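Novice: Data file input08.cif (mmCIF, C-alpha atoms and all ligand atoms) is appended below.
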data_protein
#
loop_
_atom_site.label_atom_id
_atom_site.label_comp_id
_atom_site.auth_asym_id
_atom_site.auth_seq_id
_atom_site.Cartn_x
_atom_site.Cartn_y
_atom_site.Cartn_z
CA MET U 1354 -0.97 -30.41 -12.18
CA ASN U 1355 -3.92 -30.64 -14.52
CA PRO U 1356 -3.70 -27.64 -16.92
CA LEU U 1357 -7.44 -27.06 -16.61
CA LEU U 1358 -7.01 -26.80 -12.85
CA ILE U 1359 -4.27 -24.19 -13.37
CA LEU U 1360 -6.61 -22.22 -15.60
CA CYS U 1361 -9.27 -22.33 -12.91
CA ILE U 1362 -7.01 -20.95 -10.14
CA PRO U 1363 -7.97 -17.30 -10.75
CA LEU U 1364 -11.63 -18.35 -10.68
CA LEU U 1365 -11.14 -20.20 -7.41
CA LEU U 1366 -9.41 -17.18 -5.94
CA GLY U 1367 -12.35 -15.03 -6.91
CA GLN U 1368 -10.49 -12.75 -9.31
CA THR U 1369 -13.05 -13.22 -12.03
CA GLY U 1370 -16.75 -13.73 -12.31
CA PRO U 1371 -19.50 -11.86 -10.60
CA GLU U 1372 -18.96 -10.35 -7.19
CA PRO U 1373 -20.56 -12.48 -4.45
CA ALA U 1374 -23.89 -11.09 -3.28
CA ARG U 1375 -23.19 -7.89 -1.33
CA ARG U 1376 -24.98 -7.12 1.84
CA GLN U 1377 -27.57 -4.41 1.37
CA ASP U 1378 -25.16 -1.57 1.92
CA PRO U 1379 -26.92 1.78 1.84
CA LEU U 1380 -23.74 3.86 1.57
CA ALA U 1381 -21.53 4.40 -1.47
CA ARG U 1382 -18.55 4.34 0.90
CA ASP U 1383 -18.93 3.14 4.46
CA PRO U 1384 -17.28 5.33 7.12
CA TYR U 1385 -13.50 5.07 7.49
CA VAL U 1386 -10.80 6.90 9.43
CA GLN U 1387 -8.04 9.07 7.94
CA ASN U 1388 -5.30 11.52 8.87
CA VAL U 1389 -4.88 10.48 12.50
CA THR U 1390 -2.56 12.47 14.77
CA PRO U 1391 -2.14 12.29 18.58
CA THR U 1392 -4.91 14.88 18.97
CA ALA U 1393 -7.08 14.70 15.83
CA LEU U 1394 -8.71 12.36 13.32
CA SER U 1395 -11.02 12.52 10.30
CA ILE U 1396 -13.96 10.28 9.44
CA LEU U 1397 -15.06 10.05 5.79
CA TRP U 1398 -18.08 8.44 4.12
CA GLU U 1399 -20.29 8.87 1.09
CA THR U 1400 -24.04 8.70 0.63
CA HIS U 1401 -25.73 7.82 -2.66
CA GLY U 1402 -27.69 11.07 -2.71
CA ARG U 1403 -27.27 14.49 -1.14
CA GLU U 1404 -27.87 14.11 2.55
CA THR U 1405 -27.27 15.91 5.78
CA CYS U 1406 -25.72 13.43 8.20
CA SER U 1407 -24.54 13.60 11.78
CA ILE U 1408 -21.51 12.09 13.48
CA ARG U 1409 -20.91 11.60 17.16
CA LEU U 1410 -17.49 10.90 18.68
CA ARG U 1411 -17.27 9.60 22.23
CA SER U 1412 -14.17 9.00 24.33
CA LEU U 1413 -14.01 5.50 25.75
CA VAL U 1414 -11.71 6.80 28.51
CA THR U 1415 -13.57 9.90 29.69
CA ALA U 1416 -17.18 10.98 29.36
CA ASP U 1417 -16.32 13.52 26.62
CA ALA U 1418 -18.42 13.49 23.48
CA TRP U 1419 -18.61 15.68 20.37
CA GLU U 1420 -21.26 15.93 17.71
CA GLN U 1421 -21.03 17.45 14.23
CA ALA U 1422 -23.29 17.71 11.19
CA SER U 1423 -22.13 17.16 7.62
CA GLY U 1424 -23.87 18.16 4.40
CA PRO U 1425 -26.03 18.46 2.54
CA GLY U 1426 -23.87 16.51 0.09
CA GLU U 1427 -22.73 13.06 -1.01
CA HIS U 1428 -19.08 13.18 0.11
CA HIS U 1429 -18.66 13.69 3.84
CA GLU U 1430 -15.46 14.44 5.71
CA VAL U 1431 -15.50 15.49 9.36
CA ARG U 1432 -12.45 16.27 11.48
CA PHE U 1433 -12.29 16.14 15.27
CA GLU U 1434 -9.56 18.08 17.10
CA GLY U 1435 -8.50 18.43 20.72
CA LEU U 1436 -8.33 14.67 21.43
CA VAL U 1437 -6.02 12.77 23.79
CA PRO U 1438 -3.01 10.80 22.41
CA SER U 1439 -3.22 7.01 22.17
CA SER U 1440 -6.86 6.93 23.28
CA ARG U 1441 -9.85 5.00 21.97
CA TYR U 1442 -12.89 6.80 20.60
CA GLU U 1443 -16.17 5.42 19.40
CA TYR U 1444 -17.74 7.11 16.39
CA THR U 1445 -21.33 6.82 15.18
CA VAL U 1446 -22.24 8.10 11.73
CA THR U 1447 -25.97 8.53 11.24
CA THR U 1448 -27.36 8.82 7.70
CA GLY U 1449 -30.86 8.40 6.28
CA SER U 1450 -30.07 4.68 6.13
CA GLY U 1451 -29.28 4.34 9.81
CA PRO U 1452 -26.25 4.47 12.13
CA VAL U 1453 -22.80 2.93 11.63
CA THR U 1454 -20.54 2.62 14.67
CA ASP U 1455 -16.91 1.66 15.21
CA VAL U 1456 -13.90 2.40 17.39
CA VAL U 1457 -10.69 4.21 16.42
CA ARG U 1458 -7.53 5.18 18.25
CA THR U 1459 -5.51 8.39 18.17
CA ALA U 1460 -1.78 8.26 17.35
CA PRO U 1461 0.69 7.74 20.21
CA GLY U 1462 3.21 10.16 21.61
CA PRO U 1463 6.93 9.79 20.75
CA MET U 1464 7.76 7.26 23.50
CA GLU U 1465 5.19 4.59 22.69
CA PRO U 1466 5.97 1.53 20.49
CA PHE U 1467 3.67 0.82 17.56
CA THR U 1468 3.14 -1.53 14.60
CA PHE U 1469 2.26 -0.68 11.02
CA LEU U 1470 1.50 -2.78 7.95
CA VAL U 1471 2.59 -2.27 4.34
CA TYR U 1472 1.02 -3.65 1.18
CA GLY U 1473 0.30 -2.49 -2.35
CA ASP U 1474 -0.76 -3.12 -5.94
CA THR U 1475 -4.27 -4.33 -5.23
CA ARG U 1476 -5.88 -3.25 -8.54
CA HIS U 1477 -8.42 -5.78 -9.84
CA GLY U 1478 -7.26 -8.70 -7.66
CA HIS U 1479 -10.38 -8.42 -5.53
CA GLY U 1480 -10.35 -11.99 -4.20
CA ILE U 1481 -6.73 -11.74 -3.04
CA HIS U 1482 -7.29 -8.24 -1.67
CA ARG U 1483 -10.32 -9.40 0.29
CA GLN U 1484 -8.37 -12.28 1.84
CA LEU U 1485 -5.46 -9.99 2.66
CA VAL U 1486 -7.74 -7.50 4.40
CA ARG U 1487 -9.05 -10.35 6.56
CA VAL U 1488 -5.47 -11.13 7.61
CA LEU U 1489 -4.53 -7.49 8.18
CA GLU U 1490 -7.62 -6.49 10.14
CA PHE U 1491 -6.82 -9.03 12.84
CA ASP U 1492 -3.30 -7.71 13.30
CA GLN U 1493 -4.33 -4.79 15.52
CA ALA U 1494 -1.73 -2.57 13.87
CA SER U 1495 -1.84 1.19 14.27
CA PHE U 1496 -2.03 2.07 10.58
CA VAL U 1497 -1.47 0.79 7.06
CA LEU U 1498 0.80 2.13 4.33
CA HIS U 1499 -0.28 1.32 0.76
CA THR U 1500 2.50 1.45 -1.85
CA GLY U 1501 0.20 2.39 -4.76
CA ASP U 1502 -1.86 1.02 -7.67
CA PHE U 1503 -5.02 0.73 -5.60
CA VAL U 1504 -7.25 0.40 -8.65
CA ASP U 1505 -6.93 -0.28 -12.36
CA ASP U 1506 -8.24 3.08 -13.40
CA GLY U 1507 -8.18 6.02 -11.02
CA LEU U 1508 -10.73 7.83 -13.19
CA LYS U 1509 -13.45 5.28 -12.52
CA LYS U 1510 -15.56 5.73 -9.41
CA SER U 1511 -16.66 2.08 -9.63
CA ASN U 1512 -13.02 0.97 -9.22
CA TRP U 1513 -12.65 3.09 -6.12
CA TYR U 1514 -15.95 1.93 -4.61
CA ARG U 1515 -14.79 -1.65 -5.03
CA PHE U 1516 -11.48 -0.85 -3.32
CA PHE U 1517 -13.18 0.88 -0.39
CA THR U 1518 -15.82 -1.82 -0.01
CA ILE U 1519 -13.15 -4.52 0.22
CA SER U 1520 -10.82 -2.59 2.50
CA ASN U 1521 -13.52 -1.15 4.79
CA PRO U 1522 -13.18 -3.84 7.51
CA LEU U 1523 -9.61 -2.54 7.93
CA MET U 1524 -10.03 1.15 7.12
CA ARG U 1525 -13.01 1.69 9.40
CA ARG U 1526 -10.67 1.19 12.38
CA VAL U 1527 -7.14 2.12 11.23
CA PRO U 1528 -5.99 4.87 8.88
CA LEU U 1529 -4.55 3.89 5.53
CA TYR U 1530 -1.82 6.20 4.21
CA PRO U 1531 -1.76 6.15 0.40
CA THR U 1532 1.15 6.31 -2.05
CA VAL U 1533 0.07 7.33 -5.53
CA GLY U 1534 0.75 4.74 -8.25
CA ASN U 1535 0.69 5.04 -12.01
CA HIS U 1536 -2.85 3.61 -12.17
CA GLU U 1537 -4.25 6.32 -9.91
CA ASN U 1538 -2.49 9.06 -11.78
CA ALA U 1539 -4.14 8.22 -15.10
CA PHE U 1540 -3.29 11.34 -17.10
CA GLU U 1541 -3.40 13.44 -13.90
CA ARG U 1542 -7.21 13.54 -13.84
CA GLY U 1543 -7.33 10.40 -11.70
CA LEU U 1544 -6.04 12.44 -8.80
CA GLU U 1545 -9.35 14.24 -8.40
CA LEU U 1546 -10.97 11.11 -6.93
CA TYR U 1547 -7.75 10.11 -5.15
CA ARG U 1548 -7.67 13.44 -3.32
CA ARG U 1549 -11.35 13.31 -2.50
CA PHE U 1550 -11.29 9.78 -1.07
CA PHE U 1551 -8.06 10.06 0.93
CA ALA U 1552 -7.52 12.73 3.55
CA VAL U 1553 -3.85 13.14 4.43
CA PRO U 1554 -1.67 16.17 5.29
CA ASP U 1555 -1.83 18.75 2.50
CA ASP U 1556 1.18 20.92 3.26
CA GLY U 1557 3.59 19.23 0.81
CA PRO U 1558 4.48 20.50 -2.69
CA GLN U 1559 1.63 18.42 -4.20
CA PRO U 1560 -1.11 18.52 -1.53
CA GLU U 1561 -2.33 15.11 -0.30
CA VAL U 1562 -0.10 13.31 -2.84
CA VAL U 1563 3.41 14.30 -1.72
CA TYR U 1564 3.17 14.55 2.05
CA ALA U 1565 4.68 13.63 5.41
CA PHE U 1566 3.26 12.45 8.69
CA THR U 1567 4.59 11.59 12.12
CA TRP U 1568 3.66 8.47 14.10
CA GLY U 1569 5.27 7.96 17.50
CA ASN U 1570 8.99 8.48 17.13
CA SER U 1571 8.96 8.06 13.33
CA ARG U 1572 8.52 10.37 10.38
CA PHE U 1573 7.05 9.06 7.12
CA PHE U 1574 7.51 10.69 3.71
CA VAL U 1575 5.39 9.83 0.67
CA LEU U 1576 6.48 10.73 -2.89
CA ASN U 1577 4.85 10.78 -6.32
CA ALA U 1578 6.87 8.72 -8.82
CA ASN U 1579 4.65 9.90 -11.68
CA LYS U 1580 6.17 13.36 -11.35
CA PRO U 1581 9.80 14.31 -12.13
CA PHE U 1582 12.51 14.12 -9.49
CA VAL U 1583 15.51 15.85 -11.05
CA GLY U 1584 15.39 19.49 -9.94
CA ALA U 1585 11.72 19.04 -8.98
CA PRO U 1586 9.77 20.57 -6.07
CA GLN U 1587 9.23 17.21 -4.35
CA THR U 1588 12.99 16.59 -4.36
CA ALA U 1589 13.79 19.94 -2.74
CA TRP U 1590 10.94 19.43 -0.28
CA LEU U 1591 12.10 15.96 0.81
CA ARG U 1592 15.70 17.16 1.21
CA THR U 1593 14.54 19.88 3.62
CA GLN U 1594 12.18 17.50 5.42
CA LEU U 1595 14.88 14.85 5.90
CA LYS U 1596 17.32 17.42 7.22
CA GLU U 1597 14.79 18.78 9.72
CA ALA U 1598 13.66 15.32 10.85
CA ALA U 1599 17.24 14.11 11.29
CA ALA U 1600 17.90 17.10 13.55
CA ASN U 1601 14.76 16.52 15.63
CA PRO U 1602 15.66 14.55 18.80
CA GLN U 1603 12.09 13.18 19.09
CA ILE U 1604 12.30 11.55 15.64
CA ARG U 1605 14.28 8.28 15.76
CA HIS U 1606 13.26 6.66 12.48
CA LEU U 1607 12.68 7.83 8.91
CA PHE U 1608 10.67 5.93 6.29
CA VAL U 1609 10.01 6.80 2.64
CA SER U 1610 7.28 5.39 0.40
CA VAL U 1611 7.37 5.73 -3.39
CA HIS U 1612 5.55 3.57 -5.93
CA HIS U 1613 8.54 2.99 -8.27
CA SER U 1614 11.60 1.66 -6.50
CA PRO U 1615 15.10 2.91 -7.29
CA TYR U 1616 16.24 -0.70 -6.81
CA THR U 1617 14.38 -3.78 -8.01
CA SER U 1618 14.89 -7.26 -9.44
CA GLY U 1619 11.52 -7.17 -11.17
CA PRO U 1620 10.73 -6.68 -14.85
CA HIS U 1621 9.77 -3.00 -14.60
CA GLY U 1622 13.31 -2.09 -13.58
CA PRO U 1623 14.58 0.71 -11.33
CA GLN U 1624 13.31 4.27 -11.23
CA GLN U 1625 16.43 5.79 -12.75
CA GLU U 1626 15.26 9.39 -12.52
CA LEU U 1627 14.96 9.07 -8.76
CA LEU U 1628 18.56 7.82 -8.64
CA ASP U 1629 19.72 10.62 -10.97
CA SER U 1630 18.10 13.27 -8.77
CA GLY U 1631 20.50 12.48 -5.92
CA LEU U 1632 17.55 12.05 -3.56
CA VAL U 1633 18.42 8.43 -2.81
CA ASP U 1634 21.87 9.60 -1.67
CA ASP U 1635 20.15 12.10 0.63
CA MET U 1636 18.04 9.28 2.11
CA ARG U 1637 21.28 7.49 2.86
CA ARG U 1638 22.93 10.62 4.27
CA TYR U 1639 20.08 11.39 6.66
CA GLY U 1640 19.66 7.78 7.73
CA VAL U 1641 16.34 6.63 6.22
CA ASP U 1642 15.66 3.28 7.91
CA MET U 1643 13.74 1.79 5.02
CA LEU U 1644 12.31 2.78 1.64
CA PHE U 1645 9.03 1.09 0.67
CA ALA U 1646 7.89 0.64 -2.91
CA GLY U 1647 5.46 -1.25 -5.14
CA HIS U 1648 4.96 -1.47 -8.93
CA ASP U 1649 6.91 -4.73 -9.53
CA HIS U 1650 4.27 -7.19 -8.33
CA MET U 1651 6.28 -9.41 -5.99
CA TYR U 1652 8.21 -9.23 -2.72
CA GLU U 1653 11.80 -8.02 -2.50
CA ARG U 1654 14.12 -6.68 0.17
CA GLY U 1655 17.64 -5.46 -0.34
CA ARG U 1656 20.32 -3.05 0.81
CA VAL U 1657 22.41 -0.72 -1.31
CA ASP U 1658 25.29 1.14 0.36
CA GLY U 1659 23.48 0.97 3.70
CA LEU U 1660 20.03 1.98 2.43
CA ASN U 1661 17.40 -0.70 3.10
CA TYR U 1662 14.49 -1.05 0.69
CA ALA U 1663 11.47 -3.35 0.49
CA ILE U 1664 9.07 -3.86 -2.42
CA THR U 1665 5.75 -5.14 -1.20
CA ALA U 1666 3.49 -5.19 -4.24
CA GLY U 1667 1.51 -8.38 -3.82
CA GLY U 1668 -1.93 -7.09 -2.83
CA GLY U 1669 -3.93 -8.65 -5.66
CA ALA U 1670 -2.56 -7.52 -9.04
CA PRO U 1671 -1.05 -10.33 -11.20
CA ILE U 1672 2.30 -11.49 -9.83
CA TYR U 1673 5.42 -10.83 -11.92
CA TYR U 1674 8.54 -12.95 -12.13
CA ILE U 1675 12.03 -12.11 -10.86
CA LYS U 1676 14.03 -10.85 -13.82
CA HIS U 1677 17.43 -9.94 -12.35
CA ASN U 1678 19.72 -11.39 -9.74
CA HIS U 1679 21.32 -8.27 -8.28
CA PRO U 1680 23.91 -8.75 -5.53
CA TYR U 1681 22.21 -6.04 -3.46
CA SER U 1682 18.88 -7.89 -3.51
CA LEU U 1683 18.77 -10.09 -0.39
CA VAL U 1684 15.36 -11.76 -0.54
CA THR U 1685 12.94 -12.04 -3.46
CA GLU U 1686 9.78 -14.07 -3.94
CA PRO U 1687 7.11 -13.74 -6.61
CA THR U 1688 4.11 -14.09 -4.32
CA TYR U 1689 1.18 -12.21 -2.79
CA ASN U 1690 2.48 -10.62 0.38
CA TYR U 1691 2.41 -7.88 3.00
CA ALA U 1692 4.94 -6.48 5.46
CA ARG U 1693 4.72 -5.74 9.15
CA VAL U 1694 6.93 -3.28 11.01
CA VAL U 1695 7.23 -3.02 14.79
CA VAL U 1696 8.87 0.18 16.00
CA GLN U 1697 10.22 0.20 19.52
CA GLY U 1698 12.69 2.85 20.62
CA ASP U 1699 15.72 2.70 18.34
CA LEU U 1700 14.82 -0.77 17.08
CA ILE U 1701 12.63 -1.71 14.16
CA GLU U 1702 11.55 -5.29 13.48
CA PHE U 1703 10.52 -5.75 9.88
CA SER U 1704 8.90 -8.96 8.67
CA ALA U 1705 7.21 -9.96 5.42
CA HIS U 1706 4.47 -12.56 5.09
CA ARG U 1707 2.67 -14.52 2.44
CA MET U 1708 -1.10 -14.55 2.10
CA ASP U 1709 -1.44 -17.34 4.64
CA GLY U 1710 0.57 -15.32 7.15
CA SER U 1711 3.66 -17.56 6.84
CA LEU U 1712 7.00 -15.83 7.30
CA LEU U 1713 8.76 -14.83 4.13
CA ASP U 1714 11.51 -12.56 5.41
CA TYR U 1715 12.63 -10.57 8.41
CA VAL U 1716 15.25 -8.07 9.46
CA HIS U 1717 15.86 -6.28 12.74
CA LEU U 1718 17.48 -2.89 12.39
CA ARG U 1719 18.80 -0.48 14.99
CA ARG U 1720 19.34 3.18 14.34
CA GLN U 1721 22.64 4.22 15.86
CA LYS U 1722 22.36 7.48 17.72
CA PRO U 1723 24.80 9.73 15.96
CA ALA U 1724 27.27 11.90 17.73
CA ARG U 1725 27.02 15.57 16.87
CA ASP U 1726 27.70 16.30 13.17
CA THR U 1727 28.10 12.63 12.24
CA PRO U 1728 25.67 10.88 9.90
CA PRO U 1729 23.26 8.36 11.45
CA ARG U 1730 23.92 4.68 10.86
CA ILE U 1731 21.40 1.86 10.48
CA GLU U 1732 22.81 -1.28 12.06
CA VAL U 1733 21.54 -4.72 11.05
CA VAL U 1734 20.91 -6.66 14.27
CA ARG U 1735 19.91 -9.89 12.54
CA GLU U 1736 18.25 -10.91 9.34
CA TYR U 1737 16.88 -13.74 7.26
CA ARG U 1738 18.71 -14.38 4.01
CA LYS U 1739 17.71 -16.49 1.10
CA GLU U 1740 20.85 -17.44 -0.80
CA ALA U 1741 19.33 -17.71 -4.27
CA PRO U 1742 16.28 -15.85 -5.51
CA MET U 1743 13.53 -17.98 -7.03
CA VAL U 1744 13.52 -17.71 -10.79
CA PRO U 1745 10.89 -19.83 -12.54
CA ALA U 1746 12.16 -21.93 -15.48
CA THR U 1747 9.33 -20.67 -17.68
CA PRO U 1748 8.44 -17.17 -16.50
CA PRO U 1749 5.21 -15.49 -17.61
CA PRO U 1750 5.48 -12.74 -20.26
CA ALA U 1751 7.29 -9.62 -19.11
CA PRO U 1752 5.34 -6.37 -18.89
CA PRO U 1753 6.70 -3.49 -20.97
CA PRO U 1754 9.47 -1.40 -19.40
CA PHE U 1755 8.63 1.30 -16.89
CA SER U 1756 7.45 4.63 -18.20
CA SER U 1757 6.88 7.41 -15.72
CA LEU U 1758 4.18 8.98 -17.87
CA ARG U 1759 1.98 6.06 -18.86
CA PRO U 1760 -0.09 3.72 -16.72
CA ASP U 1761 0.63 0.00 -16.60
CA PRO U 1762 -0.31 -1.79 -19.83
CA VAL U 1763 -3.05 -3.88 -18.23
CA SER U 1764 -5.89 -1.46 -17.66
CA ALA U 1765 -8.67 -3.85 -16.94
CA GLY U 1766 -11.46 -1.51 -16.08
CA ASP U 1767 -13.50 -3.36 -13.52
CA ASP U 1768 -14.03 -6.99 -12.53
CA GLY U 1769 -10.72 -8.47 -13.65
CA PHE U 1770 -11.76 -8.82 -17.29
CA PRO U 1771 -8.25 -9.66 -18.64
CA TRP U 1772 -7.99 -12.68 -16.34
CA LEU U 1773 -11.25 -14.06 -17.67
CA PHE U 1774 -10.30 -13.27 -21.26
CA THR U 1775 -6.82 -14.78 -20.91
CA GLY U 1776 -8.26 -17.87 -19.20
CA LEU U 1777 -10.82 -18.44 -21.97
CA LEU U 1778 -8.14 -17.88 -24.62
CA ALA U 1779 -5.83 -20.41 -22.93
CA MET U 1780 -8.69 -22.90 -22.62
CA ALA U 1781 -9.52 -22.51 -26.32
CA ALA U 1782 -5.84 -23.00 -27.22
CA GLY U 1783 -5.72 -26.11 -24.99
CA LEU U 1784 -8.84 -27.60 -26.62
CA ALA U 1785 -7.48 -26.85 -30.10
CA GLY U 1786 -4.20 -28.58 -29.16
CA LEU U 1787 -6.10 -31.59 -27.80
CA GLY U 1788 -8.16 -31.78 -31.01
CA ALA U 1789 -5.02 -31.65 -33.15
CA TRP U 1790 -3.38 -34.41 -31.08
CA LEU U 1791 -6.45 -36.67 -31.30
CA GLY U 1792 -6.63 -36.06 -35.07
CA HIS U 1793 -2.96 -36.92 -35.39
CA ARG U 1794 -3.48 -40.20 -33.46
CA ARG U 1795 -6.48 -41.11 -35.60
CA ARG U 1796 -4.48 -40.56 -38.80
CA ARG U 1797 -1.60 -42.74 -37.49
CA ARG U 1798 -4.04 -45.60 -36.93
FE FE O 1801 1.14 -2.26 -10.25
FE FE O 1802 2.51 0.46 -10.90
#
Represent the structure of the file as structure tokens.

Specialist:
Amino acid sequence: MNPLLILCIPLLLGQTGPEPARRQDPLARDPYVQNVTPTALSILWETHGRETCSIRLRSLVTADAWEQASGPGEHHEVRFEGLVPSSRYEYTVTTGSGPVTDVVRTAPGPMEPFTFLVYGDTRHGHGIHRQLVRVLEFDQASFVLHTGDFVDDGLKKSNWYRFFTISNPLMRRVPLYPTVGNHENAFERGLELYRRFFAVPDDGPQPEVVYAFTWGNSRFFVLNANKPFVGAPQTAWLRTQLKEAAANPQIRHLFVSVHHSPYTSGPHGPQQELLDSGLVDDMRRYGVDMLFAGHDHMYERGRVDGLNYAITAGGGAPIYYIKHNHPYSLVTEPTYNYARVVVQGDLIEFSAHRMDGSLLDYVHLRRQKPARDTPPRIEVVREYRKEAPMVPATPPPAPPPFSSLRPDPVSAGDDGFPWLFTGLLAMAAGLAGLGAWLGHRRRRR
């Protein structure tokens, strides 16, 4: 391939250069849905100035309607309670700039099947993220789990506004459950915006960051890999939560999301402190169906002593290469990707897809109903298996090793500046090389 064409790929994908002309959007953040349960949901939005707004929720099944006011203020968050499970509701947010309307659905009861999507590491890959949102919004899934690194710098409002603008076509209809990454947690202060923009259960040891939620017959646990694990509050909390959930007959599946994976073939390497804490052994003991992670920008699925894990970190940030070839790693691919999980009774069907929707991996798992006092077992019904992971002959430079206290080395600010800078640098190097070669030829003549 022409090297100049390779250099232009990020430009073609829209990762650099000015943002295409935005529609005249009067709101800083368009309305989106959060923290959905079978009987409640929250709608959030943000106005540019202090405003008093109104919101109306109307059942599409019955004639019930509710109206609430919000403000005066810029950030608006309204919760509706007393709703009916698995039912559609239309909301209309009215601000000084006019009304915005969409339809949301409450969470199902424990008997109903559902689908959720998983992706992560969007950061400054706006073009990829935008394309991915287009794919995801047509899936009609119940909710989305993000594995972290939403933005380059969690301290910058402009980064967050870009994220919410791109993901709004999805988030205005389905709730997105966040996992905090190292880029959001920039020196802890980044969490102020993170907590304001996401509304999730706040009864964990680190409210709205370490939390759990229930959807159908499944319980989801979200951890903070920027905080310690050994002897830490989140470790004790998850142990208790797993024990309670495993004993609850209405809960058939357990899922954990943490930004840094305890197992990975990528260059960042495993989160050793999580392994040292013994928490991964507890996940195994209580029968966690799958652990989701991000941070190493690629796709990977594996199984270690019965514990299934998947890294889906291809939401827009630059893709890494596969560094290791671990026997426990079953499928790896350095590509933009997302995962899709269908939960039906005791069965879960997990599949992973590339940007164009093509199938990258799948596994069907069944949770074996344990007899009294015996540990649950996750049975593999069938699965895809790639025999050899793809390892490029000339991999791109490796990022520095994982540090739980520092953000990723590429902190681009906004607009994908490093891509542009790197592209121009590579172009200059290419032109210099061409000049040297032509000079050499001229001298030989
Ligand atoms: Fe990342
Ligand atoms: Fe990360």

Novice: Produce a table with one row for each residue of chain U that has an atom at most 7 Å from any atom of ligand FE 1802 (chain O), each row naming the nearest atom pair and its distance in Å at one decimal; use only C-alpha atoms and all ligand atoms; arrange rows by chain and rising residue number; format as JSON lines.

Specialist:
{"residue": "U:Asp1474", "atom": "CA", "partner": "O:FE1802", "partner_atom": "FE", "distance": 6.9}
{"residue": "U:Gly1501", "atom": "CA", "partner": "O:FE1802", "partner_atom": "FE", "distance": 6.8}
{"residue": "U:Asp1502", "atom": "CA", "partner": "O:FE1802", "partner_atom": "FE", "distance": 5.5}
{"residue": "U:Gly1534", "atom": "CA", "partner": "O:FE1802", "partner_atom": "FE", "distance": 5.3}
{"residue": "U:Asn1535", "atom": "CA", "partner": "O:FE1802", "partner_atom": "FE", "distance": 5.1}
{"residue": "U:His1536", "atom": "CA", "partner": "O:FE1802", "partner_atom": "FE", "distance": 6.3}
{"residue": "U:His1612", "atom": "CA", "partner": "O:FE1802", "partner_atom": "FE", "distance": 6.6}
{"residue": "U:Gly1647", "atom": "CA", "partner": "O:FE1802", "partner_atom": "FE", "distance": 6.7}
{"residue": "U:His1648", "atom": "CA", "partner": "O:FE1802", "partner_atom": "FE", "distance": 3.7}
{"residue": "U:Asp1649", "atom": "CA", "partner": "O:FE1802", "partner_atom": "FE", "distance": 6.9}
{"residue": "U:Asp1761", "atom": "CA", "partner": "O:FE1802", "partner_atom": "FE", "distance": 6.0}

Novice: Using all atoms listed in the file, which of U:Glu1626, U:Asp1642, U:Asp1505, U:Asp1658 sits nearest ligand FE 1801 (chain O)?

Specialist: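 Using all atoms listed in the file, ligand FE 1801 (chain O) sits closest to U:Asp1505.
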
Novice: Considering all atoms listed in the file, return as a ChimeraX atom specification whatever protein or nucleic-acid residues lie within 8 Å of Gly1668 in chain U, sequence-local ones (same chain, fewer than 6 positions apart) excluded.

Specialist: /U:1472-1476,1478,1481-1482,1485,1689-1691

Novice: Please give the centre and size of the box around range 1691-1709 of chain U (axis-aligned, containing every atom listed in the file, 4 Å added per side), with values in Å to one decimal and written as lines of an AutoDock Vina configuration file.

Specialist:
center_x = 7.1
center_y = -7.2
center_z = 11.4
size_x = 25.2
size_y = 28.2
size_z = 26.5

Novice: Residues within 7 Å of (13.1, 5.8, 11.9), file coordinates, counting only C-alpha atoms: what are they? Give the list as a PyMOL selection string.

Specialist: chain U and resi 1571-1572+1604-1608+1641-1642

Novice: Just add N, CA, C and O atoms to range 1700-1706 of chain U and send it as a short mmCIF file (atom, residue, chain, number, x, y, z; two decimals), in the frame of the given file.

Specialist:
data_model
loop_
_atom_site.label_atom_id
_atom_site.label_comp_id
_atom_site.auth_asym_id
_atom_site.auth_seq_id
_atom_site.Cartn_x
_atom_site.Cartn_y
_atom_site.Cartn_z
N LEU U 1700 14.86 0.49 17.82
CA LEU U 1700 14.82 -0.77 17.08
C LEU U 1700 13.60 -0.85 16.19
O LEU U 1700 12.49 -0.48 16.59
N ILE U 1701 13.79 -1.36 14.96
CA ILE U 1701 12.63 -1.71 14.16
C ILE U 1701 12.74 -3.19 13.77
O ILE U 1701 13.81 -3.67 13.40
N GLU U 1702 11.62 -3.88 13.88
CA GLU U 1702 11.55 -5.29 13.48
C GLU U 1702 10.65 -5.37 12.26
O GLU U 1702 9.43 -5.17 12.35
N PHE U 1703 11.25 -5.66 11.15
CA PHE U 1703 10.52 -5.75 9.88
C PHE U 1703 10.33 -7.22 9.53
O PHE U 1703 11.28 -8.01 9.61
N SER U 1704 9.11 -7.59 9.16
CA SER U 1704 8.90 -8.96 8.67
C SER U 1704 7.95 -8.91 7.48
O SER U 1704 7.13 -8.00 7.36
N ALA U 1705 8.10 -9.86 6.57
CA ALA U 1705 7.21 -9.96 5.42
C ALA U 1705 6.53 -11.32 5.45
O ALA U 1705 7.13 -12.31 5.89
N HIS U 1706 5.29 -11.35 4.98
CA HIS U 1706 4.47 -12.56 5.09
C HIS U 1706 3.73 -12.84 3.80
O HIS U 1706 3.37 -11.93 3.07
#
